[in-house]
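See below for the structure under consideration.
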Amino acid sequence: MLLRSNLKNSSPKKTMVTTPISKDIASESVLSTEELRKIHAYWRACNYLAIGMIYLRDNPLLKEPLKPEHIKQRLLGHWGSSPALSFIYVHLNRLIKKYDLSTLYIAGPGHGAPGVLGPVYLEGTYSEVYPDKSEDIEGMQKFFKQFSFPGYIGSHCTPETPGSIHEGGELGYSVSHAFGAVYDNPDLIAACVVGDGEAETGPLATAWHSNKFLNPVRDGAVLPILNLNGYKIANPTILSRISSEELESLFVGYGYTPYVVEGWDPELMHQKMAAVMEECVIKIREIQQEARSQNKAFRPRWPMIILRTPKGWTGPKDVDGHKVEGFWRSHQVPMGGMHSNPEHVKLLEEWMKSYKPEELFDEDGTLIPELKELAPTGIRRMSANPTTNGGLLRKELKMPDFCDYAVEIDKPGTVQVENTGILGKFLRDVMKNNMNNFRVFGPDETASNRLSAIYEVTKKTWLADYLPEDQDGSMLAPDGRVMEMLSEHTLEGWLETYLLTGRHGFFHTYEAFVHVIDSMFNQHAKWLDICKNHVSWRAPVSSLNIMLSSLVWRQDHNGFSHQDPGFVDLVTNKSADVTRVYFPPDANCLLSVADHCLRSTNYVNVIVSDKQKHLQYLTMDEAVKHCTKGIGIWEWASNDDCGTEPDEPDVIMACCGDIPTMESLAATAILREEFPDLKVRFINVVDLYKLQTETEHPHGLSNKEFDILFTADKPVIFNFHGYPWLIHKLAYRRTNQERIHVRGYKEQGNINTPLELAILNQIDRFNLVIDVIDRVPQLGSRAAYVRERMRDEIIDNLAYAHSEGMDKPEVVNWTWDS
Ligand SMILES: Cc1ncc(C[n+]2csc(CCOP(=O)(O)OP(=O)(O)O)c2C)c(N)n1
Ligand SMILES: [Mg+2]
């Protein structure tokens, strides 16, 4: 045990090597005249292609005078970011060849896709993947026309882009994506271009700290390149309008050594960029060499580049009297009106010809050999780096047998267990078996969500400073495999590309705060959907597994702010091809579901499971069957099968979610005692999508199956974990759906006891009994008395909670004894 006095005197153990900031190393020329000429020519070819993509549908090499009919009717795409993106790309190519680097390219401003697609085409990958976009004039014409054209590809670095694992449509995730790709990929460098507008987003701002989680012994490196082109869509960027001192200090504070490359003159800029980028690559290698030769993890000052270039660099200086190059007006298409303004057509032609395409491409439209050889070949091309089609590298997890972690069940509903605690043991062994391609991600909640068993085999990754008292339970280690940072954005970003590069992971977070990454989930689901349905060359990747814990119904001490079960509503908006939502009611079901999710590919699996103690219902054998079916009658809780013909239930008690399941069971117990003749069928839903029809979701029940389970006309009292409308939304096509009465969270909450919270939202046992009484016609006079008693129970229990600060012992200790 550490003593208090130790704590007082302790000073952080420095893990970071402090090297002087070196910035202005580019005074000498590193490129020979020949190299400079060629690299500039290659960049000109990229820029030419970028403009061609945005403007042309025909006449790709301008062999004929440019006419309006050669130009697309709708001009879409972003020129502004493109020149810098390809500038960086060609300079990376030089070093990839020189040092035989394995590198991938992340374009933060992915809207500048023309700046990426150009070099991808020039290095041949595009034509290999899409043979009709061949490296000749015919292929170039198709390549131009397809860009941002209906029926073809989008204007970002979409999944169709070879080498892309980051679309960059929604800004903010480039840095976290870059780091996620290099964790456990020691030989990989992720070159990550960050837009200066993008850098204003919350997710990007916090992701700079990813370097505190990067271990130079076992992980690769990220080279961030902040493209300070000064503007967003129609505004200056903050980082471009602060002093150099402030700017550089910011990155020093984030733990980087910033190298500044600044200017307009391409010739000078090529020399500077070549020198700085080479210095950065050498630094990265030195750091890795130092760490790996001694097997010693430390946090170095990683290099990063601040590239200050004009927005729309090399584009038209002015259009119609307005400044364009170096201003926000170059963000998208510098000039339109191509079908009404001949002057603009002339300007476009001059602009394109300024790159001298005849010097770059031969008669057939193929890049000339002396330029072709500037690009790396084979899998060294950033567009063909194997990690960018990670499904091909993916190896199945070595899975322990989840049945070995089963909770013993003698009688359903009598034993209480922390479900996620059991899962933690299973995940511990998944981790133990897969110590270089599986990680667990959470915003400082691994222990809180009861998954601490994982720490028996690995700790939390931590490359920042250590204090002596950290020995006392902080569970930090430079080689830990549990990723904890209080940034759901960063965690989600890391995990997404960890998966896209062929590995496996598990993300868990508080239910209410998963909303922080709503739109990241959206983007990833869209990415998967496109890959699955439209990009056949992308191999399936491991599913994104998200477990929501610390659920709405057990936020009695955190209160209202922590009560929000709405993430699953969002999930159900996304493509049925890639979304799955599970509500395991107990630990054995959770194990079965988790095993299934960890083995699956190309989905976002959402598992909703609370961390507190809950009643256990199914043996492992029963749980496997129940989860395989996804929905089922719990016979032991039902009494509608009496062996008389024709048997029919009077009411169906349906439930979905661990807490609502217990309340439904408790209500069923009351019903069976109070109305022994009432025939109750008890149905539990694990797989939420069972409620949709099979035409809407592959998991959906057919109408026939649904009617057999729920009957065609009996009242259904559906107790749901989340917002009630979601069940109505999913089941809206079912027979007589107006008989389906859903209880769920109604935004009623505060500091409550669990039962009080349930009562306020009417998912509690007493309100459910009242619901049955109100919906089932033949209950007779007794119903009135039972209904009164239920109302009395509600009043009593609320009063008890407010006087004692807890629920009555008979509620807390309730078990299923029927
Ligand atoms: C999160 C997000 N908000 C807003 C937008 C709309 N948007 C598209 S491009 C852009 C400006 C981006 O500026 P910057 O990152 O500097 O890239 P640049 O175009 O200058 O290369 C904006 C605001 C977006 N794509 N994503
Ligand atoms: Mg910008």
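Residue numbering restarts at 1 for every chain of the structure tokens, chains are lettered A, B, ... in their displayed order, and ligands are numbered from 1 as they appear.
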Which parts of range 167-350 of chain A does DSSP call alpha helix (DSSP H) when run on the backbone here, written out as JSON, numbers by chain? {"A": [174, 175, 176, 177, 178, 179, 180, 181, 182, 202, 203, 204, 205, 206, 207, 244, 245, 246, 247, 248, 249, 250, 251, 252, 253, 266, 267, 268, 269, 270, 271, 272, 273, 274, 275, 276, 277, 278, 279, 280, 281, 282, 283, 284, 285, 286, 287, 288, 289, 290, 291, 292, 293, 342, 343, 344, 345, 346, 347, 348, 349, 350]}
Using only C-alpha atoms and all ligand atoms, which residues have at least one atom no more than 12 Å from ligand 2? Output them as a VMD selection string. chain A and resid 78 to 85 108 to 112 171 193 to 200 226 to 241 307 to 313 326 to 332
Among range 412-465 of chain A, which ones does DSSP assign to strand (DSSP E) (computed from the backbone)? Answer as an NGL selection string. :A and (416-418 or 438-442 or 460-461)
Now that the selection is made, can you save its residues with C-alpha atoms as a compact mmCIF listing (two decimals), in the first residue's frame?
```txt
# COMPACT_ATOMS: atom_id res chain seq x y z
CA GLN A 416 -28.84 -12.32 -9.20
CA VAL A 417 -25.61 -11.70 -11.09
CA GLU A 418 -23.80 -8.76 -12.66
CA PHE A 438 -7.86 -7.39 -30.34
CA ARG A 439 -8.38 -4.33 -28.18
CA VAL A 440 -11.09 -3.10 -25.84
CA PHE A 441 -12.13 0.56 -25.98
CA GLY A 442 -14.00 2.60 -23.39
CA LYS A 460 -4.65 0.19 -19.94
CA THR A 461 -2.39 1.67 -22.58
```
Can you work out which one of A:Ile546, A:Val535, A:Val608, A:Leu760 has the shortest atom-to-atom distance to Val129 in chain A, counting only C-alpha atoms?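 Closest to Val129 in chain A of all the choices is A:Val535.
With only C-alpha atoms as the atoms that count, the residue of A:Gly253, A:Gly657, A:Pro412, A:Gly391 with the shortest distance to Leu528 in chain A is A:Gly391.
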Distance of CA of Gln294 in chain A from CA of Asn433 in chain A, expressed in Å to one decimal place: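 Interatomic distance here is 26.0 Å.
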Which of these, A:Gly77, A:Gly169, A:Gly151, A:Pro60, has the shortest distance to ligand 1 once you count only C-alpha atoms and all ligand atoms? A:Gly169
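Across A:Val651, A:Cys656, A:Leu486, A:Ile795, the tightest approach to Gln778 in chain A is made by A:Val651 when counting only C-alpha atoms.
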Given only C-alpha atoms and all ligand atoms as the counted atoms, nearest of A:Arg57, A:His156, A:Asp429, A:Leu101 to ligand 1: A:His156
For Asp479 in chain A, which residue among A:Thr501, A:Asn215, A:Asn419, A:Asn558 is the nearest when counting only C-alpha atoms?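 Closest to Asp479 in chain A, using only C-alpha atoms: A:Asn215.
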Identify, on the basis of only C-alpha atoms, every residue whose closest approach to Cys589 in chain A does not exceed 12 Å; exclude the query and any residue fewer than 4 positions from it along the same chain; express the result as a ChimeraX atom specification. /A:402-403,405-407,419-420,422-423,582-585,593-596,607-609,616-631,657-658,684-687
Which polymer residues have any atom within 9 Å of an atom of range 802-806 of chain A, counting only C-alpha atoms, with same-chain residues fewer than 6 positions away left out, as a PyMOL selection string? chain A and resi 752-755+812
To one decimal in Å, tell me the separation between CA of Ile54 in chain A and CA of His344 in chain A.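 For CA of Ile54 in chain A relative to CA of His344 in chain A, the distance reads 14.3 Å.
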Can you tell me, as a list in words, what residues are no more than 7 Å from range 346-353 of chain A when counting only C-alpha atoms, ignoring any on the same chain fewer than 6 positions away?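 Contacts, in chain order: Tyr48, Leu66, Gly315 and Pro316 of chain A.
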Selection export as a PDB file, in the first residue's frame, atoms kept: all heavy atoms:
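Ended up saving to again_4.pdb:
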```
ATOM      1  N   TYR A  48      -3.982  18.520 -63.041  1.00  0.00           N
ATOM      2  CA  TYR A  48      -4.723  18.449 -64.308  1.00  0.00           C
ATOM      3  C   TYR A  48      -5.897  17.471 -64.163  1.00  0.00           C
ATOM      4  O   TYR A  48      -7.037  17.767 -64.544  1.00  0.00           O
ATOM      5  CB  TYR A  48      -3.783  18.010 -65.429  1.00  0.00           C
ATOM      6  CG  TYR A  48      -4.465  17.963 -66.765  1.00  0.00           C
ATOM      7  CD1 TYR A  48      -4.610  19.120 -67.536  1.00  0.00           C
ATOM      8  CD2 TYR A  48      -5.011  16.773 -67.241  1.00  0.00           C
ATOM      9  CE1 TYR A  48      -5.268  19.092 -68.758  1.00  0.00           C
ATOM     10  CE2 TYR A  48      -5.670  16.727 -68.462  1.00  0.00           C
ATOM     11  CZ  TYR A  48      -5.795  17.888 -69.208  1.00  0.00           C
ATOM     12  OH  TYR A  48      -6.459  17.861 -70.403  1.00  0.00           O
ATOM     13  N   LEU A  66     -11.668  23.415 -76.313  1.00  0.00           N
ATOM     14  CA  LEU A  66     -12.684  23.083 -75.300  1.00  0.00           C
ATOM     15  C   LEU A  66     -14.017  23.763 -75.636  1.00  0.00           C
ATOM     16  O   LEU A  66     -14.074  24.965 -75.883  1.00  0.00           O
ATOM     17  CB  LEU A  66     -12.193  23.531 -73.922  1.00  0.00           C
ATOM     18  CG  LEU A  66     -13.054  23.089 -72.746  1.00  0.00           C
ATOM     19  CD1 LEU A  66     -13.098  21.564 -72.633  1.00  0.00           C
ATOM     20  CD2 LEU A  66     -12.533  23.691 -71.440  1.00  0.00           C
ATOM     21  N   GLY A 315      -4.656  27.434 -59.025  1.00  0.00           N
ATOM     22  CA  GLY A 315      -5.906  27.667 -59.754  1.00  0.00           C
ATOM     23  C   GLY A 315      -5.980  29.095 -60.249  1.00  0.00           C
ATOM     24  O   GLY A 315      -5.020  29.872 -60.113  1.00  0.00           O
ATOM     25  N   PRO A 316      -7.138  29.466 -60.817  1.00  0.00           N
ATOM     26  CA  PRO A 316      -7.284  30.839 -61.300  1.00  0.00           C
ATOM     27  C   PRO A 316      -7.084  31.845 -60.172  1.00  0.00           C
ATOM     28  O   PRO A 316      -7.605  31.647 -59.068  1.00  0.00           O
ATOM     29  CB  PRO A 316      -8.739  30.893 -61.786  1.00  0.00           C
ATOM     30  CG  PRO A 316      -9.194  29.495 -61.871  1.00  0.00           C
ATOM     31  CD  PRO A 316      -8.340  28.667 -60.981  1.00  0.00           C
TER      32      PRO A 316
END
```
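Atom to atom, CA of His614 in chain A and CA of His515 in chain A stand 25.1 Å apart.
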List as a list in words the protein and nucleic acid residues near Pro386 in chain A, meaning an atom at most 12 Å away when only C-alpha atoms are counted, but skip any in the same chain fewer than 6 places from it.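 The contact residues come out as Ser102, Thr103, Leu104, Pro162, Gly163, Ser164, Ile165, Ala181, Asn185, Leu188, Gly378, Ile379, Arg380, Leu392, Leu393, Arg394, Leu500, Thr501, Gly502, Arg538 and Ala539 of chain A.
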Using only C-alpha atoms, determine which residues lie at most 9 Å from Ile71 in chain A, disregarding the query and same-chain residues fewer than 5 positions distant; provide the list as a ChimeraX atom specification. /A:55-59,66,338-339,345
Include N, CA and C atoms and write out the residues we just selected as a compact mmCIF listing (two decimals), in the first residue's frame.
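Ended up saving to again_15.txt:
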```
# COMPACT_ATOMS: atom_id res chain seq x y z
N TYR A 55 -14.60 19.09 -63.98
CA TYR A 55 -15.26 19.81 -65.08
C TYR A 55 -15.64 18.97 -66.30
N LEU A 56 -14.81 18.01 -66.67
CA LEU A 56 -14.96 17.44 -68.02
C LEU A 56 -15.76 16.15 -68.07
N ARG A 57 -16.53 16.03 -69.13
CA ARG A 57 -17.15 14.75 -69.45
C ARG A 57 -16.58 14.19 -70.76
N ASP A 58 -15.86 15.03 -71.45
CA ASP A 58 -15.27 14.59 -72.72
C ASP A 58 -14.06 15.45 -73.03
N ASN A 59 -13.36 15.06 -74.11
CA ASN A 59 -12.17 15.80 -74.54
C ASN A 59 -11.13 15.87 -73.41
N LEU A 66 -11.67 23.41 -76.31
CA LEU A 66 -12.68 23.08 -75.30
C LEU A 66 -14.02 23.76 -75.64
N MET A 338 -20.48 27.45 -67.19
CA MET A 338 -19.75 26.96 -68.36
C MET A 338 -20.63 26.84 -69.60
N HIS A 339 -21.91 26.75 -69.37
CA HIS A 339 -22.80 26.60 -70.52
C HIS A 339 -23.46 27.93 -70.88
N VAL A 345 -15.29 29.31 -70.16
CA VAL A 345 -14.79 28.14 -70.88
C VAL A 345 -13.34 28.40 -71.29
```
